[in-house]
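The next block holds one structure in the form of structure tokens; read it before the comments.
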Amino acid sequence: MPSLGRLHLITDTRPGRDPLAVLRAALPVARADLVVQVRVEDDATDREAYELARLVVDACRPYGARCLVNDRLHVAVAVVAAGGHVGADDLPVAAARRVLGPDAVLGATAREPGGARAAVAAGASYLGVGPCHATTTKSGLPTPIGPAGVRAVAGAVDVPVIAIGGVTAATVPALRAAGAYGVAVVGAVSGAADPARATAELLGALTC
Ligand SMILES: Cc1ncc(COP(=O)(O)OP(=O)(O)O)c(N)n1
Ligand SMILES: Cc1ncsc1CCOP(=O)(O)O
Ligand SMILES: [Mg+2]
């Protein structure tokens with residue numbers, strides 16, 4: 001299986017956003033370094049999630065980028081995505097692994113070493129770790145863990161750690177130094193005036 005991309009772009013499906021336009025800007029820049037996570041609002045229908053995921057899988061294919069589906073693993077299976085991502089309110093990691101099969105990419109959310117080890121033991125192939133910094137994209141999150149929290153998790157597991165939450169190109173170096181393999185972003189690309197340039201800046205920070 002190819003190695004996991006280091007830049008995870010999470011679709012921004014809030015009102016007024018255009019996740020496919022953002023994706024079309026990011027893909028030629030990041031190509032196979034990009035993982036696109038299809039994440040829809042909680043009140044979106046499965047049909048809406050499926051239609052978006054299908055378009056994302058098609059868009060990613062020519063670039064060798066991979067698509068993961070957040071939460072809705074039946075959608076991941078239906079569109080033949082590379083895998084999915086689950087957190088505390090979703091299927092347990094072991095159940096998610098049974099749904100997706102042994103070869104799929106399976107991400108799990110973790111904030112501390114104990115939960116991280118448990119997720120890996122249950123079948124996670126990478127961890128989404130955060131929130132690292134304050135974010136306006138998702139509400140109700142616990143206190144940010146910062147690079148020190150990322151370091152604690154990265155030191156406890158041997159799967160890639162993807163730092164999430166308020167990540168920008170400026171904060172990538174400290175997260176990488178703390179052991180993050182890559183980062184997941186919504187606002188840093190979706191909210192940028194020039195999403196292609198923002199993608200290039202994030203990639204530059206990830207690969208230097
Ligand atoms: C890479 C990555 N890390 C963490 C999350 C958060 O997942 P979860 O805790 O299940 O919250 P929702 O995204 O489902 O609201 C993620 N999606 N991706
Ligand atoms: C889904 C999610 N889980 C933890 S932070 C977050 C949102 C990240 O968005 P942003 O990159 O805009 O802070
Ligand atoms: Mg979730």
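Letters A, B, ... go to the chains of the structure tokens in the order shown; residues in each chain start at 1; ligands are counted from 1 in the same order.
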- Enumerate, as number ranges by chain, the complete set of residues in chain A that a backbone-based DSSP assignment places in alpha helix (DSSP H). A: 19-30, 46-60, 73-78, 93-100, 113-122, 146-154, 172-177, 187-190, 195-207
- Message: Which of segment 13-195 of chain A end up as strand (DSSP E or B) when DSSP is run on this backbone - answer as a PyMOL selection string?
- Response: chain A and resi 34-38+66-70+83-86+105-110+126-129+161-164+182-185
- Message: Give me the residues near segment 183-192 of chain A as a ChimeraX atom specification, where near means some atom within 8 Å (using only C-alpha atoms) and where sequence neighbours in that chain fewer than 3 positions away do not count.
- Response: /A:6-12,17,19,22,128,137,162-169,172,180,195-196,198-199
Kindly provide, as a short mmCIF file (atom, residue, chain, number, x, y, z; two decimals) with C-alpha atoms, in the first residue's frame, all nucleotide and amino acid residues lying within 9 Å of ligand 3, counting only C-alpha atoms and all ligand atoms.
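Saved the output as part30.cif:
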data_model
loop_
_atom_site.label_atom_id
_atom_site.label_comp_id
_atom_site.auth_asym_id
_atom_site.auth_seq_id
_atom_site.Cartn_x
_atom_site.Cartn_y
_atom_site.Cartn_z
CA ARG A 39 -16.62 15.32 6.17
CA ASN A 70 -15.38 10.70 8.03
CA ASP A 71 -17.88 8.88 10.28
CA ARG A 72 -20.06 7.28 7.59
CA HIS A 85 -11.96 8.14 10.07
CA VAL A 86 -13.77 7.57 13.37
CA GLY A 87 -13.90 9.35 16.71
CA ALA A 88 -15.55 8.95 20.08
CA ASP A 89 -19.13 9.29 18.78
CA ASP A 90 -18.65 6.95 15.83
CA LEU A 91 -18.27 3.20 15.46
CA ALA A 108 -9.05 7.28 14.81
CA THR A 109 -9.14 10.41 16.93
#
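If only C-alpha atoms are the atoms counted, then among A:Ala178, A:Ala96, A:Ala124, A:Leu106 the closest residue to Val150 of chain A is A:Ala178.
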